[in-house]
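*Asks:* I'd like to ask some things about the structure below.
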Protein chains: 2
Amino acid sequence: MPNHNYVIVGGVAGGMSAAARLRRLDEAATIVVLEQGPAVSFASCGLPYFVGGEIAAQSDLLVQTPESLRAALNIDVRLNSRVTALDASGHTVSVTGPEGQYTLAYDQLILSPGTVAARPPISGLDHPSVHTLRTVADAVALRQFAVAPDTPRRAVVIGAGFIGLEAAEGLRLAGVDVTLLEVAPHVLPPLEQEMAFVVAKELRRLGIDVHEAVTITGIADDGGRAVVSLGDAQAFTADLVLLSAGTVPASAPFATGGVTCDERGAIIVDAQGRTNLGDVWAIGDAVVSQDAVTGARRPVPLAGPAQRAGRLVADAIAGHFPARALPHPLGTAIVRVGALTAAMTGANRAGLKAAGLPFTTMHLHPLNHAEYFPGAKTISLMVHIDPVTGAILGAQAVGEAGVDKRIDVLATAMRAGLKAPDLIELDLCYSPPYGSAKDPVSMVGYLADNLVSGVVKLWQPDDLDWALHEALILDVRSASEFATGHLPGALNIPHTELRGRLDDVKAAAAGRPVAVMCQSGVRSYIAHRVLVSAGLISSTLSGGMRTLRDWLGAQADNLLTRE
Amino acid sequence: MPNHNYVIVGGVAGGMSAAARLRRLDEAATIVVLEQGPAVSFASCGLPYFVGGEIAAQSDLLVQTPESLRAALNIDVRLNSRVTALDASGHTVSVTGPEGQYTLAYDQLILSPGTVAARPPISGLDHPSVHTLRTVADAVALRQFAVAPDTPRRAVVIGAGFIGLEAAEGLRLAGVDVTLLEVAPHVLPPLEQEMAFVVAKELRRLGIDVHEAVTITGIADDGGRAVVSLGDAQAFTADLVLLSAGTVPASAPFATGGVTCDERGAIIVDAQGRTNLGDVWAIGDAVVSQDAVTGARRPVPLAGPAQRAGRLVADAIAGHFPARALPHPLGTAIVRVGALTAAMTGANRAGLKAAGLPFTTMHLHPLNHAEYFPGAKTISLMVHIDPVTGAILGAQAVGEAGVDKRIDVLATAMRAGLKAPDLIELDLCYSPPYGSAKDPVSMVGYLADNLVSGVVKLWQPDDLDWALHEALILDVRSASEFATGHLPGALNIPHTELRGRLDDVKAAAAGRPVAVMCQSGVRSYIAHRVLVSAGLISSTLSGGMRTLRDWLGAQADNLLTRE
């Protein structure tokens, strides 16, 4: 094997993964990693926890050093080294680094440049109080701000995505007064609204001032402090503004050098990570992926897929075996918010609608483990499936425990092509501290099987107008539950009395379909089967009153009647 | 639809699941459940936690009552009602119950009789101190014993399977002195020895006196106390002996009635749960299953598969759609032992060897979440794969956190037919509190891919004789780690110095293969690649010294050299 010369641009996640794999496959090669920042392979996902103090030592964020990588893997890592130009025909990059400017030749070039913070159209973003949270230095600055003993400490966080939420919680944990602003209709925009409402409630419980669906018009100065103004004339004065409103690919010098990018500047690659230019590959957050469910093409900025792409591109370059194609991402993601965990995989309603994919949604509220074992916690779990084939299209969950496990199992099932009714066949761990004989994921399978086979017909929270105006709403909870809040016009017959009162239901329905509901969807399912058997047209509310309240959010108290 | 008459024998797990599903599919049917015990649908898996006091109220163990099932599902549950005979040609069963003896007719009969405690060939099992833990009454008796204030409280638990371990821990937690006896070579016999050693260590840390590979010769009386004697002349005097040495199917009256059973009395059914007799079905712990990996035929007494079988048999009987075949079980199981969790899915070495299936084993020691996030815990994870196809044959894990999630993901992948290298493609939840960018399961995929593609060659703990006598053992840990204990004759070259000392290795190897090792297998993998590239014949120890120590168990201190 000739001595290859591999150059990698970017020394975090994907870039370092590629470098390490190249070494293991090609001991004789020269491997140079050009990292524009002052640290290699740092714990970028840990930065918000350093701000909050859960990660105490700055050194914990530095997973590797150039010296450790030299010693273990004979990799030449060059920090503070920025690539300013690419000459693909000459197989060189131009570098500006501590040694000055120089040209570096490559046989194979891997681009893992990552992203920079997006700059939304808000005036005053250059105010000195405006920070981002992208580097260890950023985290240190935020931490210093958070723990400074004698300054007024008010922060505004712009953007309630993953980093925005984690940073807001970190600042709050450190004692800062935090206002969190989100332009989208709700926090964590990829979450469905009935999930996001639960997350927003938890943020407020933590003492964070949450504002959703805002328009941010500008940032002005007031004696050194920043004043963030909204379109509705509200304004928030802050000592620190954290901008976390998304990212854009850091692809400019490569685009200039001829690498084909999409309209947002994200690098386009083939199934194995090749750009349009010979011997130039690209991986990580700056690269376009094709969504596994919807086929949408966009960057999916996640650490796991970036590391995997680094390895697979290295396999394609240096492996003596056919390299695996880069998997289409499912977008599996998770975030801790206070005592809650929120996680998701696959597509959400918006993505499914945009792709024109038919779907139906199941909402469940299982416990994380056996009810009779102490400490059981409810999980709010929703799964979108193809109503005909039963294909699993997406899943989301929020709860205090057991959320990550169920989303990981569902993500595994999706990747493997299991249909939702096939989840019945999973043999999952059960003993009382860990699950139930019918695991939440098994319950998804049972319900999906009922839907696909026609044993159950659901109505959804967004069918509420239909239920209120065209159906008889039959609430089968107990009278005392009914009294805590119910839909206007609902007939209350507890499920245990239903068999004896079918004539009452028929009289009240007067030919209309019956929209059954209970608290979580279990009792209404039993009632639904009784009604169907009695010849009534019936459907059962997905997830019951619990889901409906989360769906309605702040509107619930206006709509629901107490008696 | 005519009014069907369904009779179900057994009102726990499978039986109640079948009854409830039948009602949801057939509102007009008569459904009778005959339960020989005094409780229906009780929390049998929760009994050991009641003994230990974690589940405080006896009422928590009673999930349903005949009254609640009558009200919700119109099911006629008859407690204390034992079926004494089956007349399949007459479509009747003979019942002895509170009403006396009577004959009950059925259109379809579902047998879910469960098991009784096995009675191993030990003399004196009829001693009044000998208990089992099968019913709520058993659990209450054990709890009363455990908390009795003024009795001497010494217990011997015979059998260190799942229930035996949980009961031993429960008794210990309540302050009882516990001796745990296991006839097999180690506790939790389905676990591999390197996993079971970790579990035994934890049991001892809890203060339980563990004896493995014992022969139990008899139980004698000593003034009311029981004396349990072993073959080696040891004896343990106890106030209570808990017999948990397996189970046997409670199938006698049905076998007498013509139901075909295997040589151990387990009922044989077809793919949908039919016995050999028309209109007689069987589910649950008394029924033979075919192991999904090895094809071995035996009962798999687990609550999840039993509940599933109840539903699927009901679908086959009453569904207006093709019923799903009963899945071949993977035998996924989990147990909490002190601060540890041990879990497994699929086949173990013994099962694979018995089936003649080729396999290789990977041992990994990943952290449950990002190292830099506080509280990271090591998981000992092992996976058996087919060395050619990469098929996942079995997996086991022990650790303080994150064990259940990884085994569930692997069980899902196995059921879906993913190959181990395909685990690379999983998109699993990652943020620092939950995992790593390379999740432990992803690591399994990467390593499997290396094995199947030939990038890595492993040696196993049971190749130790080969390594000691026919290879150069190269230990690439640091000098200080090496000094804490190493294999006799091993050469120590830290992995960071290896590239400069290849000539030393070649000289020491003198033509022999090089058996590389480090602490957990990561550094030795890098070293292995360096050696292969240098033309040496090399392999790397699966799981490193950490696995080797657990494999050697008590022998480790005899073998390992300190300096």
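Each chain of the structure tokens is named A, B, ... in the order shown, its residues numbered from 1; ligands are numbered from 1 in display order.
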If you run DSSP on the backbone, which residues of range 164-243 of chain B are strand (DSSP E or B), as a list in words?
*Replies:*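 Answer for range 164-243 of chain B, restricted to strand (DSSP E or B): Asp177, Val178, Thr179, Leu180, Leu181, Asp209, Val210, His211, Ile216, Thr217, Gly218, Ile219, Ala220, Asp221, Asp222, Arg225, Ala226, Val227, Val228, Ser229, Leu230, Ala235, Phe236, Thr237, Ala238, Leu240, Val241, Leu242 and Leu243 of chain B.
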*Asks:* Using N, CA and C atoms, can you write the selected residues to a file as an mmCIF file, in the first residue's frame?
*Replies:*
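See again_0.cif below for the written result:
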```cif
data_model
loop_
_atom_site.group_PDB
_atom_site.id
_atom_site.type_symbol
_atom_site.label_atom_id
_atom_site.label_comp_id
_atom_site.auth_asym_id
_atom_site.auth_seq_id
_atom_site.Cartn_x
_atom_site.Cartn_y
_atom_site.Cartn_z
ATOM 1 N N ASP B 177 -30.657 -13.652 58.137
ATOM 2 C CA ASP B 177 -29.386 -14.243 57.678
ATOM 3 C C ASP B 177 -29.705 -15.269 56.608
ATOM 4 N N VAL B 178 -29.152 -15.088 55.436
ATOM 5 C CA VAL B 178 -29.556 -15.901 54.289
ATOM 6 C C VAL B 178 -28.361 -16.667 53.729
ATOM 7 N N THR B 179 -28.551 -17.968 53.551
ATOM 8 C CA THR B 179 -27.615 -18.792 52.798
ATOM 9 C C THR B 179 -28.303 -19.194 51.495
ATOM 10 N N LEU B 180 -27.588 -19.014 50.389
ATOM 11 C CA LEU B 180 -28.170 -19.294 49.077
ATOM 12 C C LEU B 180 -27.392 -20.451 48.457
ATOM 13 N N LEU B 181 -28.101 -21.518 48.125
ATOM 14 C CA LEU B 181 -27.463 -22.731 47.599
ATOM 15 C C LEU B 181 -27.864 -22.942 46.142
ATOM 16 N N ASP B 209 -24.853 -15.371 52.026
ATOM 17 C CA ASP B 209 -23.839 -16.431 52.030
ATOM 18 C C ASP B 209 -24.110 -17.341 50.820
ATOM 19 N N VAL B 210 -23.294 -17.191 49.769
ATOM 20 C CA VAL B 210 -23.571 -17.850 48.486
ATOM 21 C C VAL B 210 -22.707 -19.106 48.353
ATOM 22 N N HIS B 211 -23.333 -20.219 48.028
ATOM 23 C CA HIS B 211 -22.614 -21.472 47.761
ATOM 24 C C HIS B 211 -23.068 -22.007 46.404
ATOM 25 N N ILE B 216 -27.002 -31.059 47.347
ATOM 26 C CA ILE B 216 -27.825 -30.999 48.551
ATOM 27 C C ILE B 216 -28.318 -32.416 48.818
ATOM 28 N N THR B 217 -27.950 -32.949 49.967
ATOM 29 C CA THR B 217 -28.267 -34.353 50.212
ATOM 30 C C THR B 217 -29.553 -34.541 51.009
ATOM 31 N N GLY B 218 -29.885 -33.603 51.863
ATOM 32 C CA GLY B 218 -31.103 -33.830 52.619
ATOM 33 C C GLY B 218 -31.379 -32.719 53.603
ATOM 34 N N ILE B 219 -32.606 -32.745 54.102
ATOM 35 C CA ILE B 219 -33.025 -31.804 55.135
ATOM 36 C C ILE B 219 -33.452 -32.618 56.340
ATOM 37 N N ALA B 220 -32.805 -32.373 57.463
ATOM 38 C CA ALA B 220 -33.131 -33.102 58.694
ATOM 39 C C ALA B 220 -33.736 -32.134 59.708
ATOM 40 N N ASP B 221 -34.328 -32.681 60.741
ATOM 41 C CA ASP B 221 -34.912 -31.839 61.782
ATOM 42 C C ASP B 221 -33.970 -31.775 62.977
ATOM 43 N N ASP B 222 -33.873 -30.573 63.569
ATOM 44 C CA ASP B 222 -33.092 -30.414 64.792
ATOM 45 C C ASP B 222 -33.929 -29.556 65.744
ATOM 46 N N ARG B 225 -36.001 -26.944 63.979
ATOM 47 C CA ARG B 225 -35.288 -26.231 62.920
ATOM 48 C C ARG B 225 -34.878 -27.232 61.836
ATOM 49 N N ALA B 226 -34.629 -26.716 60.663
ATOM 50 C CA ALA B 226 -34.227 -27.569 59.549
ATOM 51 C C ALA B 226 -32.710 -27.532 59.418
ATOM 52 N N VAL B 227 -32.122 -28.658 59.130
ATOM 53 C CA VAL B 227 -30.683 -28.732 58.873
ATOM 54 C C VAL B 227 -30.491 -29.223 57.447
ATOM 55 N N VAL B 228 -29.964 -28.337 56.616
ATOM 56 C CA VAL B 228 -29.766 -28.650 55.208
ATOM 57 C C VAL B 228 -28.325 -29.121 55.036
ATOM 58 N N SER B 229 -28.174 -30.357 54.568
ATOM 59 C CA SER B 229 -26.831 -30.930 54.444
ATOM 60 C C SER B 229 -26.382 -30.977 52.992
ATOM 61 N N LEU B 230 -25.096 -30.680 52.829
ATOM 62 C CA LEU B 230 -24.497 -30.744 51.493
ATOM 63 C C LEU B 230 -23.658 -32.012 51.373
ATOM 64 N N ALA B 235 -23.232 -28.262 56.581
ATOM 65 C CA ALA B 235 -24.658 -28.259 56.910
ATOM 66 C C ALA B 235 -25.044 -26.866 57.399
ATOM 67 N N PHE B 236 -26.278 -26.490 57.093
ATOM 68 C CA PHE B 236 -26.765 -25.166 57.471
ATOM 69 C C PHE B 236 -28.075 -25.337 58.224
ATOM 70 N N THR B 237 -28.103 -24.836 59.436
ATOM 71 C CA THR B 237 -29.330 -24.897 60.227
ATOM 72 C C THR B 237 -30.147 -23.640 59.951
ATOM 73 N N ALA B 238 -31.416 -23.841 59.731
ATOM 74 C CA ALA B 238 -32.254 -22.707 59.335
ATOM 75 C C ALA B 238 -33.624 -22.816 59.962
ATOM 76 N N LEU B 240 -36.055 -21.339 58.314
ATOM 77 C CA LEU B 240 -36.913 -21.371 57.130
ATOM 78 C C LEU B 240 -36.080 -21.822 55.943
ATOM 79 N N VAL B 241 -36.621 -22.739 55.170
ATOM 80 C CA VAL B 241 -35.991 -23.163 53.925
ATOM 81 C C VAL B 241 -36.930 -22.776 52.796
ATOM 82 N N LEU B 242 -36.406 -21.997 51.852
ATOM 83 C CA LEU B 242 -37.224 -21.631 50.699
ATOM 84 C C LEU B 242 -36.778 -22.478 49.520
ATOM 85 N N LEU B 243 -37.718 -23.244 48.998
ATOM 86 C CA LEU B 243 -37.415 -24.109 47.863
ATOM 87 C C LEU B 243 -37.792 -23.372 46.582
#
```
*Asks:* Per residue of chain B within 7 Å of chain A, note the shortest atom pair and the distance in Å to one decimal, counting only C-alpha atoms, and order the rows by chain and increasing residue number, as CSV.
*Replies:*
```
residue,atom,partner,partner_atom,distance
B:Arg24,CA,A:Arg529,CA,5.9
B:Glu27,CA,A:Ser533,CA,6.3
B:Cys45,CA,A:Pro432,CA,6.6
B:Gly46,CA,A:Pro432,CA,6.4
B:Ile55,CA,A:Phe373,CA,6.1
B:Asp60,CA,A:Tyr372,CA,5.5
B:Leu61,CA,A:Tyr372,CA,6.7
B:Ala71,CA,A:Thr496,CA,5.0
B:Ala72,CA,A:Thr496,CA,4.9
B:Ala303,CA,A:Ala437,CA,5.5
B:Gly304,CA,A:Ala437,CA,4.2
B:Phe321,CA,A:Ser453,CA,6.9
B:Pro327,CA,A:Glu425,CA,6.0
B:Pro329,CA,A:Asp427,CA,6.9
B:Leu330,CA,A:Asp427,CA,6.3
B:Thr332,CA,A:Cys429,CA,5.6
B:Ala333,CA,A:Cys429,CA,5.2
B:Ile334,CA,A:Cys429,CA,5.6
B:Val335,CA,A:Ser431,CA,6.5
B:Tyr372,CA,A:Asp60,CA,5.5
B:Phe373,CA,A:Ile55,CA,6.2
B:Pro374,CA,A:Ile55,CA,6.6
B:Asp404,CA,A:Cys429,CA,6.4
B:Lys405,CA,A:Lys405,CA,4.9
B:Asp408,CA,A:Leu428,CA,5.3
B:Val409,CA,A:Val409,CA,5.2
B:Ala411,CA,A:Asp427,CA,6.5
B:Thr412,CA,A:Leu426,CA,5.9
B:Ala413,CA,A:Thr412,CA,6.5
B:Arg415,CA,A:Leu426,CA,6.4
B:Ala416,CA,A:Ala416,CA,6.0
B:Leu418,CA,A:Ala416,CA,6.5
B:Glu425,CA,A:Pro327,CA,6.0
B:Leu426,CA,A:Thr412,CA,5.9
B:Asp427,CA,A:Thr332,CA,5.8
B:Leu428,CA,A:Asp408,CA,5.3
B:Cys429,CA,A:Ala333,CA,5.2
B:Tyr430,CA,A:Ile334,CA,6.2
B:Ser431,CA,A:Ile334,CA,6.2
B:Pro432,CA,A:Gly46,CA,6.4
B:Ala437,CA,A:Gly304,CA,4.3
B:Lys438,CA,A:Gly304,CA,6.0
B:Ser453,CA,A:Phe321,CA,6.9
B:His495,CA,A:Ala72,CA,6.7
B:Thr496,CA,A:Ala72,CA,4.9
B:Ile526,CA,A:Arg24,CA,6.6
B:Arg529,CA,A:Arg24,CA,5.9
B:Val530,CA,A:Glu27,CA,6.4
B:Ser533,CA,A:Glu27,CA,6.3
```
*Asks:* When DSSP is applied to the backbone of this structure, which of range 366-453 of chain B are assigned alpha helix (DSSP H)? Write them out as a PyMOL selection string.
*Replies:* chain B and resi 403-416+440-453
*Asks:* Could you give me, as a PyMOL selection string, the residues within 12 Å of range 467-473 of chain B, counting only C-alpha atoms and dropping anything in the same chain fewer than 3 positions from it?
*Replies:* chain B and resi 458-464+476+486-493+504-518+524+528+536-541+544+559-560
*Asks:* Pick out the residues sitting within 7 Å of range 103-108 of chain A, and hand them over as an NGL selection string; count only C-alpha atoms, and ignore anything fewer than 6 positions along from it in its own chain.
*Replies:* :A and (4-7 or 91-95 or 279-280)
*Asks:* Please provide the set of residues having any atom within 10 Å of range 83-85 of chain A, restricted to only C-alpha atoms, with same-chain residues fewer than 5 positions apart removed, written as number ranges by chain.
*Replies:* A: 9-10, 34-36, 92-97, 101-104, 113, 252-257
*Asks:* Would you mind telling me which residue in B:Val288, B:Ala184, B:Ile8, B:Val176 lies nearest to Gln144 in chain B when using only C-alpha atoms?
*Replies:*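 So, comparing all the options, the nearest one is B:Val176.
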*Asks:* With a distance cut-off of 10 Å and only C-alpha atoms, select the neighbouring residues of Asp270 in chain B, excluding the residue or stretch itself and same-chain residues fewer than 3 positions from it, and output the selection as an MDAnalysis selection string.
*Replies:* chainID B and resid 273:276 281:282 288:289 325:326
*Asks:* Next, the residues of the selection above should be written as a PDB file, in the first residue's frame with C-alpha atoms.
*Replies:*
```pdb
ATOM      1  CA  GLY B 273     -51.767 -22.540  20.562  1.00  0.00           C
ATOM      2  CA  ARG B 274     -54.019 -25.506  19.717  1.00  0.00           C
ATOM      3  CA  THR B 275     -53.426 -28.741  21.597  1.00  0.00           C
ATOM      4  CA  ASN B 276     -53.969 -32.071  19.876  1.00  0.00           C
ATOM      5  CA  TRP B 281     -55.952 -24.532  23.526  1.00  0.00           C
ATOM      6  CA  ALA B 282     -53.056 -23.977  25.920  1.00  0.00           C
ATOM      7  CA  VAL B 288     -43.720 -26.024  25.228  1.00  0.00           C
ATOM      8  CA  SER B 289     -42.152 -23.256  23.127  1.00  0.00           C
ATOM      9  CA  ALA B 325     -48.696 -17.180  15.165  1.00  0.00           C
ATOM     10  CA  LEU B 326     -47.229 -17.394  18.658  1.00  0.00           C
TER      11      LEU B 326
END
```
*Asks:* Neighbours of range 191-194 of chain A within 9 Å (only C-alpha atoms; same-chain residues fewer than 5 positions away dropped), as a list in words?
*Replies:*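 Listing them by chain and then by number gives Pro185, His186, Ala342, Ala343, Met344, Asn348, Arg349, Ala350, Gln396, Thr547, Leu548, Arg549, Asp550, Trp551, Leu552 and Gly553 of chain A.
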*Asks:* Using only C-alpha atoms, which residue out of B:Pro66, B:Gly124, B:Gly15, B:Gly114 lies closest to Ser251 in chain B?
*Replies:*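 Selected residue with least distance to Ser251 in chain B: B:Gly114.
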